[in-house]
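Novice: File my_file-v4.txt follows (compact mmCIF, C-alpha atoms and all ligand atoms):
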# COMPACT_ATOMS: atom_id res chain seq x y z
CA MET B 1 75.90 76.97 20.78
CA ALA B 2 72.98 75.79 18.72
CA SER B 3 71.50 77.33 15.65
CA VAL B 4 68.70 75.62 13.76
CA GLN B 5 67.79 76.23 10.12
CA LEU B 6 64.72 75.04 8.30
CA ASN B 7 65.17 75.51 4.56
CA HIS B 8 62.16 74.94 2.30
CA ILE B 9 60.79 72.21 4.53
CA PHE B 10 57.71 70.29 3.35
CA LYS B 11 55.79 67.48 5.02
CA ARG B 12 53.59 65.13 3.02
CA TYR B 13 51.97 62.38 5.03
CA PRO B 14 51.63 58.93 3.45
CA ASN B 15 47.95 59.63 2.65
CA GLY B 16 49.11 62.53 0.47
CA PHE B 17 48.12 65.31 2.86
CA GLU B 18 50.54 68.23 2.77
CA ALA B 19 50.75 69.39 6.40
CA VAL B 20 53.71 71.78 6.07
CA LYS B 21 54.46 73.83 2.98
CA ASP B 22 57.78 75.54 2.31
CA PHE B 23 58.72 76.33 5.91
CA ASN B 24 61.76 78.63 6.17
CA LEU B 25 63.29 79.77 9.44
CA ASP B 26 66.76 80.62 10.74
CA ILE B 27 66.92 80.18 14.49
CA GLU B 28 69.92 81.71 16.19
CA ASP B 29 71.63 80.41 19.28
CA LYS B 30 69.64 81.12 22.50
CA GLU B 31 66.49 82.18 20.66
CA PHE B 32 63.11 81.32 22.13
CA ILE B 33 60.97 80.57 19.09
CA ILE B 34 57.21 80.10 19.40
CA PHE B 35 54.95 78.32 16.92
CA VAL B 36 51.32 79.44 17.10
CA GLY B 37 48.31 78.91 14.88
CA PRO B 38 44.92 77.22 14.80
CA SER B 39 44.51 73.52 15.49
CA GLY B 40 45.82 71.41 12.61
CA CYS B 41 48.02 74.12 11.05
CA GLY B 42 51.17 71.98 11.28
CA LYS B 43 52.90 73.12 14.48
CA SER B 44 53.48 69.67 15.98
CA THR B 45 54.39 68.22 12.60
CA THR B 46 57.12 70.84 12.17
CA LEU B 47 58.43 70.31 15.69
CA ARG B 48 58.46 66.55 15.24
CA MET B 49 60.45 66.92 12.03
CA VAL B 50 63.06 68.94 13.94
CA ALA B 51 63.11 66.23 16.61
CA GLY B 52 63.49 63.50 14.01
CA LEU B 53 60.25 61.80 15.02
CA GLU B 54 58.76 62.52 11.61
CA ASP B 55 60.47 62.23 8.21
CA ILE B 56 61.10 65.42 6.25
CA SER B 57 59.51 65.08 2.79
CA GLU B 58 61.48 67.88 1.17
CA GLY B 59 63.97 70.55 2.23
CA ASP B 60 66.94 70.73 4.57
CA LEU B 61 67.13 70.81 8.35
CA LEU B 62 70.44 72.09 9.73
CA ILE B 63 71.60 72.10 13.33
CA ASP B 64 74.75 74.17 13.84
CA GLY B 65 75.18 74.25 10.11
CA LYS B 66 75.12 70.47 9.70
CA ARG B 67 72.37 68.77 7.69
CA VAL B 68 70.57 66.39 10.03
CA ASN B 69 67.61 65.19 7.91
CA ASP B 70 68.89 61.63 8.15
CA VAL B 71 70.36 61.76 11.66
CA GLU B 72 68.60 59.59 14.25
CA PRO B 73 66.58 61.47 16.89
CA LYS B 74 68.87 60.31 19.68
CA ASP B 75 71.91 61.69 17.85
CA ARG B 76 70.45 65.15 17.20
CA ASP B 77 71.24 66.43 20.69
CA ILE B 78 67.68 67.60 21.21
CA ALA B 79 65.35 67.17 24.19
CA MET B 80 61.60 67.23 23.79
CA VAL B 81 58.96 67.98 26.43
CA PHE B 82 55.44 66.97 25.48
CA GLN B 83 51.99 67.97 26.63
CA SER B 84 51.57 64.61 28.38
CA TYR B 85 54.77 64.37 30.34
CA ALA B 86 54.47 60.65 31.20
CA LEU B 87 56.73 60.23 34.23
CA TYR B 88 57.63 56.73 35.44
CA PRO B 89 55.12 56.27 38.27
CA HIS B 90 57.13 53.73 40.25
CA MET B 91 60.29 55.87 40.29
CA THR B 92 61.10 58.76 42.58
CA VAL B 93 61.56 62.27 41.21
CA TYR B 94 65.31 61.74 41.52
CA ASP B 95 65.24 58.54 39.47
CA ASN B 96 62.91 60.02 36.89
CA ILE B 97 65.34 62.87 36.29
CA ALA B 98 68.36 60.55 36.40
CA PHE B 99 66.88 57.97 34.02
CA SER B 100 68.43 59.10 30.74
CA LEU B 101 71.78 59.65 32.43
CA LYS B 102 71.79 56.09 33.75
CA LEU B 103 71.00 54.84 30.25
CA ALA B 104 73.94 56.90 29.01
CA LYS B 105 76.07 55.11 31.63
CA LEU B 106 77.30 58.21 33.43
CA SER B 107 79.04 57.66 36.77
CA LYS B 108 77.00 57.87 39.96
CA ASP B 109 78.75 61.08 40.98
CA GLU B 110 78.16 62.76 37.67
CA ILE B 111 74.50 61.76 37.71
CA ASP B 112 74.10 63.05 41.25
CA LYS B 113 75.66 66.38 40.35
CA LYS B 114 73.45 66.88 37.29
CA VAL B 115 70.23 65.83 39.01
CA LYS B 116 70.89 68.16 41.96
CA GLU B 117 71.72 71.04 39.67
CA ALA B 118 68.48 70.53 37.72
CA ALA B 119 66.54 70.21 40.97
CA ARG B 120 68.02 73.49 42.16
CA ILE B 121 67.10 75.32 38.96
CA LEU B 122 63.56 73.92 39.03
CA ASP B 123 63.06 74.22 42.78
CA LEU B 124 62.53 70.47 43.19
CA GLU B 125 65.19 69.87 45.85
CA SER B 126 62.73 69.02 48.61
CA LEU B 127 60.74 66.66 46.40
CA LEU B 128 63.48 64.36 45.09
CA ASN B 129 62.33 61.34 47.12
CA ARG B 130 58.66 61.59 46.20
CA LYS B 131 56.82 59.52 43.63
CA PRO B 132 54.98 61.38 40.83
CA SER B 133 51.59 60.44 42.35
CA ALA B 134 52.46 62.63 45.34
CA LEU B 135 53.13 65.73 43.22
CA SER B 136 50.93 68.55 41.95
CA GLY B 137 50.49 69.08 38.22
CA GLY B 138 52.99 71.92 38.15
CA GLN B 139 55.55 69.89 40.11
CA ARG B 140 55.19 66.99 37.68
CA GLN B 141 55.68 69.39 34.83
CA ARG B 142 58.89 70.61 36.42
CA VAL B 143 60.13 67.03 36.78
CA ALA B 144 59.49 66.56 33.06
CA MET B 145 61.54 69.71 32.42
CA GLY B 146 64.24 68.30 34.73
CA ARG B 147 64.52 65.18 32.62
CA ALA B 148 65.13 67.38 29.58
CA ILE B 149 67.58 69.73 31.31
CA VAL B 150 69.98 67.08 32.64
CA ARG B 151 70.67 65.91 29.12
CA ASN B 152 72.07 69.36 28.43
CA PRO B 153 70.78 69.29 24.87
CA LYS B 154 71.61 71.79 22.16
CA VAL B 155 67.95 72.47 21.56
CA PHE B 156 64.79 72.13 23.65
CA LEU B 157 61.55 71.35 21.85
CA MET B 158 58.33 71.81 23.80
CA ASP B 159 54.88 70.94 22.46
CA GLU B 160 52.20 72.64 24.54
CA PRO B 161 53.93 71.63 27.78
CA LEU B 162 51.57 73.61 29.99
CA SER B 163 48.24 72.78 28.42
CA ASN B 164 47.30 70.28 31.13
CA LEU B 165 47.64 72.84 33.89
CA ASP B 166 45.06 75.22 35.30
CA ALA B 167 45.30 78.93 34.55
CA LYS B 168 47.14 79.87 37.74
CA LEU B 169 49.75 77.13 37.44
CA ARG B 170 50.25 77.96 33.79
CA GLY B 171 51.04 81.49 34.81
CA GLN B 172 53.58 80.32 37.37
CA MET B 173 55.19 77.81 35.02
CA ARG B 174 55.37 80.43 32.31
CA VAL B 175 57.56 82.53 34.56
CA GLU B 176 59.62 79.42 35.45
CA ILE B 177 60.22 78.63 31.80
CA SER B 178 61.24 82.19 31.11
CA LYS B 179 63.79 82.02 33.95
CA LEU B 180 64.94 78.64 32.73
CA HIS B 181 65.61 80.05 29.30
CA GLN B 182 67.72 82.82 30.77
CA GLU B 183 69.57 80.55 33.16
CA LEU B 184 70.33 77.79 30.65
CA GLY B 185 70.96 80.09 27.72
CA ALA B 186 69.32 77.39 25.61
CA THR B 187 67.74 77.46 22.18
CA ILE B 188 64.05 76.64 22.57
CA ILE B 189 61.25 75.93 20.10
CA TYR B 190 57.91 76.01 21.84
CA VAL B 191 54.43 75.23 20.50
CA THR B 192 51.41 76.81 22.14
CA HIS B 193 47.79 77.78 21.61
CA ASP B 194 48.08 80.35 24.35
CA GLN B 195 48.62 83.91 23.18
CA THR B 196 49.94 85.12 26.50
CA GLU B 197 52.58 82.39 26.48
CA ALA B 198 53.48 83.26 22.92
CA MET B 199 53.73 86.99 23.54
CA THR B 200 55.61 86.79 26.84
CA LEU B 201 58.04 83.94 26.17
CA GLY B 202 58.97 84.33 22.55
CA THR B 203 61.94 86.25 21.20
CA ARG B 204 60.23 85.59 17.87
CA ILE B 205 56.88 84.09 17.00
CA VAL B 206 56.01 82.02 13.93
CA VAL B 207 52.32 82.29 13.03
CA MET B 208 51.08 79.38 10.89
CA LYS B 209 47.88 78.65 9.03
CA ASP B 210 47.09 75.58 6.90
CA GLY B 211 50.72 74.50 6.87
CA ILE B 212 51.93 77.88 5.62
CA VAL B 213 53.97 80.38 7.62
CA GLN B 214 52.08 83.69 7.73
CA GLN B 215 54.61 85.83 9.57
CA ILE B 216 57.77 85.45 11.63
CA ASP B 217 58.49 88.39 13.87
CA THR B 218 59.01 89.72 17.39
CA PRO B 219 55.90 89.79 19.61
CA GLU B 220 55.82 93.56 19.38
CA ASN B 221 55.98 93.69 15.58
CA LEU B 222 53.37 90.96 15.19
CA TYR B 223 51.02 92.94 17.35
CA ASN B 224 51.66 96.38 15.90
CA HIS B 225 52.42 95.43 12.30
CA PRO B 226 50.63 92.19 11.38
CA ALA B 227 51.49 91.18 7.81
CA ASN B 228 47.93 90.23 6.94
CA LYS B 229 44.36 90.06 8.17
CA PHE B 230 44.77 86.54 9.53
CA VAL B 231 47.69 87.47 11.80
CA ALA B 232 45.91 90.66 12.84
CA GLY B 233 42.86 88.68 13.90
CA PHE B 234 44.81 85.84 15.50
CA ILE B 235 47.08 87.89 17.75
CA GLY B 236 45.39 90.05 20.39
CA MET B 237 42.49 89.61 22.82
CA PRO B 238 39.73 90.72 22.42
CA VAL B 239 40.26 90.34 18.68
CA MET B 240 40.83 93.27 16.36
CA ASN B 241 37.65 94.91 15.06
CA MET B 242 37.33 94.73 11.28
CA ILE B 243 34.96 96.11 8.68
CA ASP B 244 34.94 96.83 4.95
CA ALA B 245 35.30 100.47 3.96
CA GLN B 246 35.08 102.41 0.71
CA VAL B 247 38.03 104.58 -0.23
CA ALA B 248 37.27 107.95 -1.87
CA GLN B 249 39.08 111.16 -2.71
CA GLU B 250 37.43 114.45 -1.76
CA GLY B 251 39.60 117.36 -2.82
CA ALA B 252 42.93 116.82 -1.14
CA ASP B 253 41.45 114.42 1.42
CA ILE B 254 41.27 110.65 1.26
CA THR B 255 38.23 109.33 3.10
CA LEU B 256 37.01 105.96 4.29
CA SER B 257 33.29 105.23 4.55
CA PHE B 258 31.96 102.32 6.59
CA ALA B 259 28.60 101.72 8.26
CA ASP B 260 27.25 105.27 8.61
CA GLN B 261 30.67 106.71 9.39
CA LYS B 262 33.04 108.69 7.24
CA ILE B 263 36.58 109.43 8.33
CA THR B 264 39.38 111.46 6.79
CA LEU B 265 42.72 109.67 6.76
CA ASP B 266 46.02 110.89 8.11
CA ALA B 267 48.76 111.74 5.59
CA LYS B 268 50.60 108.41 5.88
CA ARG B 269 47.56 106.23 5.23
CA ALA B 270 46.13 108.62 2.66
CA SER B 271 49.27 108.59 0.54
CA ALA B 272 49.68 104.80 0.84
CA LEU B 273 46.14 104.19 -0.45
CA LYS B 274 46.55 106.73 -3.21
CA GLU B 275 49.95 105.50 -4.38
CA LYS B 276 48.80 101.90 -4.41
CA ASP B 277 45.71 102.80 -6.42
CA TYR B 278 42.94 102.07 -3.93
CA ILE B 279 40.80 105.17 -4.62
CA GLY B 280 37.25 104.02 -5.43
CA LYS B 281 37.93 100.52 -4.11
CA THR B 282 36.82 98.63 -1.03
CA VAL B 283 39.41 97.76 1.65
CA THR B 284 39.14 96.13 5.06
CA ILE B 285 40.07 98.22 8.06
CA GLY B 286 41.12 96.89 11.45
CA ILE B 287 41.18 98.67 14.79
CA ARG B 288 42.12 97.07 18.09
CA PRO B 289 39.71 97.46 21.02
CA GLU B 290 42.25 99.49 23.01
CA ASP B 291 42.38 102.03 20.19
CA ILE B 292 38.71 102.89 20.62
CA ASN B 293 37.95 104.67 23.88
CA GLU B 294 35.33 106.89 25.41
CA GLN B 295 35.67 110.61 24.78
CA ARG B 296 37.71 112.34 27.42
CA ALA B 297 38.69 115.98 27.71
CA GLY B 298 41.62 116.59 25.37
CA GLY B 299 41.29 113.13 23.79
CA ASN B 300 42.47 112.71 20.21
CA GLY B 301 40.76 110.74 17.52
CA VAL B 302 37.76 110.43 15.28
CA PRO B 303 34.43 110.53 17.12
CA ILE B 304 31.82 107.83 16.52
CA HIS B 305 28.38 107.61 18.05
CA VAL B 306 27.20 104.07 18.82
CA GLU B 307 24.63 102.10 20.77
CA THR B 308 25.86 99.78 23.52
CA THR B 309 24.90 96.13 23.09
CA VAL B 310 26.82 94.71 26.07
CA PHE B 311 29.11 96.17 28.74
CA GLU B 312 31.59 93.96 30.60
CA MET B 313 33.41 95.18 33.69
CA LEU B 314 36.69 93.24 33.88
CA GLY B 315 38.22 94.99 36.87
CA SER B 316 41.05 96.98 35.32
CA GLU B 317 39.12 97.80 32.15
CA GLY B 318 35.62 97.79 30.72
CA LEU B 319 34.64 96.23 27.40
CA LEU B 320 31.90 98.02 25.54
CA TYR B 321 30.30 96.09 22.66
CA PHE B 322 28.42 97.72 19.81
CA ASN B 323 27.38 97.02 16.22
CA LEU B 324 28.75 98.79 13.17
CA ALA B 325 26.60 97.75 10.20
CA ASP B 326 26.68 93.94 10.45
CA SER B 327 29.88 93.57 12.44
CA ASN B 328 30.21 93.30 16.19
CA TRP B 329 32.79 95.65 17.60
CA VAL B 330 34.32 96.00 21.02
CA SER B 331 36.11 98.93 22.60
CA SER B 332 38.20 99.18 25.73
CA VAL B 333 36.82 101.82 28.06
CA SER B 334 37.29 102.72 31.71
CA PRO B 335 35.73 100.17 34.08
CA GLY B 336 33.68 102.84 35.78
CA MET B 337 31.82 103.78 32.60
CA GLY B 338 29.08 101.27 33.40
CA ALA B 339 27.10 101.63 30.15
CA LYS B 340 23.87 99.64 29.88
CA PRO B 341 22.54 97.87 26.79
CA GLY B 342 20.81 100.46 24.59
CA ASP B 343 22.84 103.40 25.94
CA GLN B 344 24.05 105.81 23.27
CA VAL B 345 27.75 106.55 23.72
CA ASP B 346 30.37 108.66 22.02
CA LEU B 347 33.68 106.96 21.37
CA LEU B 348 36.96 108.03 19.78
CA ILE B 349 38.87 105.95 17.25
CA ASN B 350 42.64 106.41 17.33
CA LEU B 351 43.44 106.51 13.62
CA GLU B 352 47.17 106.39 14.27
CA LYS B 353 46.74 102.71 15.07
CA MET B 354 44.44 101.77 12.22
CA HIS B 355 45.35 98.82 9.99
CA ILE B 356 44.20 98.69 6.38
CA PHE B 357 44.08 95.40 4.45
CA ASP B 358 43.49 94.55 0.80
CA LYS B 359 40.02 93.02 0.66
CA GLU B 360 41.03 90.30 -1.81
CA THR B 361 44.58 89.30 -0.85
CA GLU B 362 44.04 90.23 2.84
CA MET B 363 47.61 91.57 2.95
CA THR B 364 48.34 94.70 4.98
CA ILE B 365 48.41 97.83 2.80
CA VAL B 366 49.41 100.25 5.54
CA ASP B 367 49.39 100.41 9.35
N1 LIG O 401 49.93 60.74 10.27
C1 LIG O 401 49.19 61.64 9.64
N2 LIG O 401 48.64 61.40 8.43
C2 LIG O 401 47.93 62.32 7.76
N3 LIG O 401 47.68 63.56 8.23
C3 LIG O 401 48.18 63.87 9.43
C4 LIG O 401 48.96 62.94 10.20
N4 LIG O 401 49.32 63.55 11.36
C5 LIG O 401 48.80 64.78 11.31
N5 LIG O 401 48.11 64.99 10.17
C6 LIG O 401 47.43 66.21 9.74
O1 LIG O 401 48.40 67.22 9.56
C7 LIG O 401 47.88 68.49 9.97
C8 LIG O 401 48.82 69.13 10.96
O2 LIG O 401 48.82 68.37 12.15
P1 LIG O 401 49.61 68.86 13.43
O3 LIG O 401 49.51 67.82 14.48
O4 LIG O 401 50.96 69.28 13.02
O5 LIG O 401 48.76 70.15 13.84
P2 LIG O 401 48.96 71.16 15.06
O6 LIG O 401 49.19 72.50 14.49
O7 LIG O 401 49.98 70.63 16.00
O8 LIG O 401 47.50 71.14 15.72
P3 LIG O 401 47.06 71.17 17.28
O9 LIG O 401 47.12 72.60 17.68
O10 LIG O 401 45.67 70.65 17.23
O11 LIG O 401 47.99 70.29 18.05
C9 LIG O 401 46.49 68.21 10.52
O12 LIG O 401 45.55 68.56 9.54
C10 LIG O 401 46.50 66.74 10.81
O13 LIG O 401 45.21 66.19 10.66
MG MG O 402 49.92 69.88 17.97
Kindly return the structure encoded in the file as structure tokens.
Specialist:
Amino acid sequence: MASVQLNHIFKRYPNGFEAVKDFNLDIEDKEFIIFVGPSGCGKSTTLRMVAGLEDISEGDLLIDGKRVNDVEPKDRDIAMVFQSYALYPHMTVYDNIAFSLKLAKLSKDEIDKKVKEAARILDLESLLNRKPSALSGGQRQRVAMGRAIVRNPKVFLMDEPLSNLDAKLRGQMRVEISKLHQELGATIIYVTHDQTEAMTLGTRIVVMKDGIVQQIDTPENLYNHPANKFVAGFIGMPVMNMIDAQVAQEGADITLSFADQKITLDAKRASALKEKDYIGKTVTIGIRPEDINEQRAGGNGVPIHVETTVFEMLGSEGLLYFNLADSNWVSSVSPGMGAKPGDQVDLLINLEKMHIFDKETEMTIVD
């Protein structure tokens, strides 16, 4: 059992820089929490504060309900796996995994049992006598995981553990880590730049920007209901299309005008804009590429007529790029569409999936 609570956590570095501002998070036992955000937003700093490798400037850190701000890293019952997983080059895989257990003066039998169990979970059984130099990147990564597993910690902290691996290995290791989480039933906090890792591994994702938490939610909610424009643009590939639009009332209808388009809103969005007093104002709208498609028989949505700038065939889908006023937009179309630059095409926007943001605060008004 391991719950972790971060209550109003701040980090001020000695030079005065405030890297983390009022971080609040309740992590339940067995959760797989992901920290994502642009470089420098404070992910590693937060993780290192949980590990005890960095002092907490303000706030309380609780593990299983006990305040641990002043508890030494080695006494926090936490194991950390870093991006550079420095294995001892002169030791075998077995000895690398056994190292911390030997330091802890466990008996030979106990050590052997734990190392073999970790090797089984990580599929390293046939490699136990090798030296790290004779292993692939993914195998080394698994040894690093093995070192963390045998300690049977309350909490695993991982800081971009897969970023040194190539795309294929990352994919494989991602699946391994997911299995590991299920098998160990462990609480994990995991930092990554990689959206796919974040979306597939996380039970909840924390999106950070400039030291401030933007949203904490399940992958599905982050994707479908981003709290603000930043989260909407950060989660999802290709990124969400966005453009400013003018809100107007025409009789009973509420309309949005952008570029040379005018659309009439559905009841839900119309009433949200009206109630919150946006008539006559400018908002920012966001539409994901998969919610703009070519017109098909029986297709639903608002038609737009655009000129293709680029068409990319990606195998399972096609990406059609076009300009709306000054913004570059992209839509997901069928791979066989094969539009050429300059081709005029008719597309449909699925309004049901449209996000509307306040232009000034950038907070979501309705989605
Ligand atoms: N010792 C330090 N003194 C002052 N500022 C620091 C120190 N260490 C880190 N920072 C700053 O704190 C901010 C957060 O750093 P941190 O390493 O947590 O970012 P990150 O989100 O992990 O970024 P990345 O994705 O690049 O690893 C950065 O702006 C960084 O320059
Ligand atoms: Mg970092």
Novice: Show me which residues are within 9 Å of ligand MG 402 (chain O) counting only C-alpha atoms and all ligand atoms, and format the list as a list in words.
Specialist: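 The residues near ligand MG 402 (chain O) are Ser39, Gly40, Cys41, Gly42, Lys43, Ser44, Thr45, Leu47, Asp159, Glu160, Val191, Thr192 and His193 of chain B.
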Novice: Next, dump the selected residues to file, keeping only C-alpha atoms, as an mmCIF file, keeping the file's coordinate frame.
Specialist:
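In the end it all went to again-v3.cif:
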data_model
loop_
_atom_site.group_PDB
_atom_site.id
_atom_site.type_symbol
_atom_site.label_atom_id
_atom_site.label_comp_id
_atom_site.auth_asym_id
_atom_site.auth_seq_id
_atom_site.Cartn_x
_atom_site.Cartn_y
_atom_site.Cartn_z
ATOM 1 C CA SER B 39 44.510 73.520 15.490
ATOM 2 C CA GLY B 40 45.820 71.410 12.610
ATOM 3 C CA CYS B 41 48.020 74.120 11.050
ATOM 4 C CA GLY B 42 51.170 71.980 11.280
ATOM 5 C CA LYS B 43 52.900 73.120 14.480
ATOM 6 C CA SER B 44 53.480 69.670 15.980
ATOM 7 C CA THR B 45 54.390 68.220 12.600
ATOM 8 C CA LEU B 47 58.430 70.310 15.690
ATOM 9 C CA ASP B 159 54.880 70.940 22.460
ATOM 10 C CA GLU B 160 52.200 72.640 24.540
ATOM 11 C CA VAL B 191 54.430 75.230 20.500
ATOM 12 C CA THR B 192 51.410 76.810 22.140
ATOM 13 C CA HIS B 193 47.790 77.780 21.610
#
Novice: Which residues, written as a PDB file with C-alpha atoms, keeping the file's coordinate frame, have at least one atom at most 10 Å from Ile177 in chain B, with all atoms listed in the file counted and residues fewer than 4 positions away on the same chain left out?
Specialist:
ATOM      1  CA  LEU B 122      63.560  73.920  39.030  1.00  0.00           C
ATOM      2  CA  ARG B 142      58.890  70.610  36.420  1.00  0.00           C
ATOM      3  CA  MET B 145      61.540  69.710  32.420  1.00  0.00           C
ATOM      4  CA  GLN B 172      53.580  80.320  37.370  1.00  0.00           C
ATOM      5  CA  MET B 173      55.190  77.810  35.020  1.00  0.00           C
ATOM      6  CA  HIS B 181      65.610  80.050  29.300  1.00  0.00           C
ATOM      7  CA  GLN B 182      67.720  82.820  30.770  1.00  0.00           C
ATOM      8  CA  GLU B 183      69.570  80.550  33.160  1.00  0.00           C
ATOM      9  CA  LEU B 201      58.040  83.940  26.170  1.00  0.00           C
TER      10      LEU B 201
END
Novice: Name the residues in contact with Asn350 in chain B at a cut-off of 7 Å, using all atoms listed in the file, excluding same-chain residues fewer than 4 positions from it; report them as a PyMOL selection string.
Specialist: chain B and resi 291-292+300-302
Novice: When you look at range 303-315 of chain B with a cut-off of 9 Å (counting all atoms listed in the file), what residues show up, excluding the ones that are within fewer than 4 positions of it in the same chain? I need them as an MDAnalysis selection string.
Specialist: chainID B and resid 261 295 319:324 334:349
Novice: Got a sec to check which residues lie within 12 Å of ligand LIG 401 (chain O), using all atoms listed in the file, and send them as a ChimeraX atom specification?
Specialist: /B:10-21,35-49,53-55,82-83,158-161,163,190-194,206-213
Novice: Please provide as a PyMOL selection string all residues within 12 Å of Leu351 in chain B, with the sequence filter that same-chain residues fewer than 6 positions apart are discarded (counting all atoms listed in the file).
Specialist: chain B and resi 256+263-270+285-288+290-293+300-303+366-367
Novice: Could you pull the residues within 12 Å of Lys102 in chain B, counting only C-alpha atoms, minus those fewer than 3 positions along the same chain, as a list in words?
Specialist: Tyr94, Asp95, Asn96, Ile97, Ala98, Phe99, Lys105, Leu106, Ser107, Lys108, Asp109, Glu110, Ile111, Asp112, Lys114, Val115, Arg147, Val150 and Arg151 of chain B
Novice: For range 91-99 of chain B, I'd like the enclosing box, axis-aligned and padded by 8 Å on every side, reported as lines of an AutoDock Vina configuration file with centre and edge lengths in Å to one decimal.
Specialist:
center_x = 64.3
center_y = 59.4
center_z = 38.3
size_x = 24.1
size_y = 23.0
size_z = 24.6
Novice: Hey, can you check how far CA of Gln246 in chain B sits from CA of Val333 in chain B?
Specialist: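 These atoms are spaced 27.4 Å apart.
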Novice: In Å to one decimal, how far is CA of Ile189 in chain B from CA of Leu157 in chain B?
Specialist: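 Result for CA of Leu157 in chain B versus CA of Ile189 in chain B: 4.9 Å, one decimal.
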Novice: Would you list the residues near (52.6, 89.8, 6.4) (no more than 7 Å away, in the coordinates of the file, using only C-alpha atoms) as number ranges by chain?
Specialist: B: 214-215, 226-228, 363-364
Novice: Keeping only C-alpha atoms, write those residues as a PDB file, keeping the file's coordinate frame.
Specialist:
ATOM      1  CA  GLN B 214      52.080  83.690   7.730  1.00  0.00           C
ATOM      2  CA  GLN B 215      54.610  85.830   9.570  1.00  0.00           C
ATOM      3  CA  PRO B 226      50.630  92.190  11.380  1.00  0.00           C
ATOM      4  CA  ALA B 227      51.490  91.180   7.810  1.00  0.00           C
ATOM      5  CA  ASN B 228      47.930  90.230   6.940  1.00  0.00           C
ATOM      6  CA  MET B 363      47.610  91.570   2.950  1.00  0.00           C
ATOM      7  CA  THR B 364      48.340  94.700   4.980  1.00  0.00           C
TER       8      THR B 364
END
Novice: How would range 182-193 of chain B look with N, CA, C and O atoms restored, written as a PDB file, in the frame of the given file?
Specialist:
ATOM      1  N   GLN B 182      66.621  81.904  30.462  1.00  0.00           N
ATOM      2  CA  GLN B 182      67.720  82.820  30.770  1.00  0.00           C
ATOM      3  C   GLN B 182      68.867  82.089  31.436  1.00  0.00           C
ATOM      4  O   GLN B 182      70.036  82.290  31.093  1.00  0.00           O
ATOM      5  N   GLU B 183      68.523  81.221  32.393  1.00  0.00           N
ATOM      6  CA  GLU B 183      69.570  80.550  33.160  1.00  0.00           C
ATOM      7  C   GLU B 183      70.361  79.558  32.313  1.00  0.00           C
ATOM      8  O   GLU B 183      71.574  79.459  32.427  1.00  0.00           O
ATOM      9  N   LEU B 184      69.660  78.815  31.451  1.00  0.00           N
ATOM     10  CA  LEU B 184      70.330  77.790  30.650  1.00  0.00           C
ATOM     11  C   LEU B 184      70.968  78.367  29.395  1.00  0.00           C
ATOM     12  O   LEU B 184      71.861  77.770  28.816  1.00  0.00           O
ATOM     13  N   GLY B 185      70.474  79.534  28.978  1.00  0.00           N
ATOM     14  CA  GLY B 185      70.960  80.090  27.720  1.00  0.00           C
ATOM     15  C   GLY B 185      70.719  79.135  26.557  1.00  0.00           C
ATOM     16  O   GLY B 185      71.533  79.004  25.661  1.00  0.00           O
ATOM     17  N   ALA B 186      69.584  78.440  26.600  1.00  0.00           N
ATOM     18  CA  ALA B 186      69.320  77.390  25.610  1.00  0.00           C
ATOM     19  C   ALA B 186      68.519  77.917  24.435  1.00  0.00           C
ATOM     20  O   ALA B 186      67.857  78.939  24.529  1.00  0.00           O
ATOM     21  N   THR B 187      68.593  77.190  23.336  1.00  0.00           N
ATOM     22  CA  THR B 187      67.740  77.460  22.180  1.00  0.00           C
ATOM     23  C   THR B 187      66.459  76.651  22.378  1.00  0.00           C
ATOM     24  O   THR B 187      66.513  75.453  22.634  1.00  0.00           O
ATOM     25  N   ILE B 188      65.317  77.325  22.291  1.00  0.00           N
ATOM     26  CA  ILE B 188      64.050  76.640  22.570  1.00  0.00           C
ATOM     27  C   ILE B 188      63.072  76.867  21.419  1.00  0.00           C
ATOM     28  O   ILE B 188      62.948  77.976  20.907  1.00  0.00           O
ATOM     29  N   ILE B 189      62.393  75.798  21.009  1.00  0.00           N
ATOM     30  CA  ILE B 189      61.250  75.930  20.100  1.00  0.00           C
ATOM     31  C   ILE B 189      60.031  75.418  20.848  1.00  0.00           C
ATOM     32  O   ILE B 189      60.049  74.310  21.389  1.00  0.00           O
ATOM     33  N   TYR B 190      59.009  76.235  20.915  1.00  0.00           N
ATOM     34  CA  TYR B 190      57.910  76.010  21.840  1.00  0.00           C
ATOM     35  C   TYR B 190      56.575  76.185  21.106  1.00  0.00           C
ATOM     36  O   TYR B 190      56.344  77.220  20.475  1.00  0.00           O
ATOM     37  N   VAL B 191      55.742  75.160  21.157  1.00  0.00           N
ATOM     38  CA  VAL B 191      54.430  75.230  20.500  1.00  0.00           C
ATOM     39  C   VAL B 191      53.360  75.567  21.526  1.00  0.00           C
ATOM     40  O   VAL B 191      53.350  74.998  22.616  1.00  0.00           O
ATOM     41  N   THR B 192      52.500  76.492  21.210  1.00  0.00           N
ATOM     42  CA  THR B 192      51.410  76.810  22.140  1.00  0.00           C
ATOM     43  C   THR B 192      50.176  77.319  21.416  1.00  0.00           C
ATOM     44  O   THR B 192      50.257  77.810  20.294  1.00  0.00           O
ATOM     45  N   HIS B 193      49.034  77.169  22.073  1.00  0.00           N
ATOM     46  CA  HIS B 193      47.790  77.780  21.610  1.00  0.00           C
ATOM     47  C   HIS B 193      47.588  79.114  22.312  1.00  0.00           C
ATOM     48  O   HIS B 193      46.730  79.897  21.944  1.00  0.00           O
TER      49      HIS B 193
END
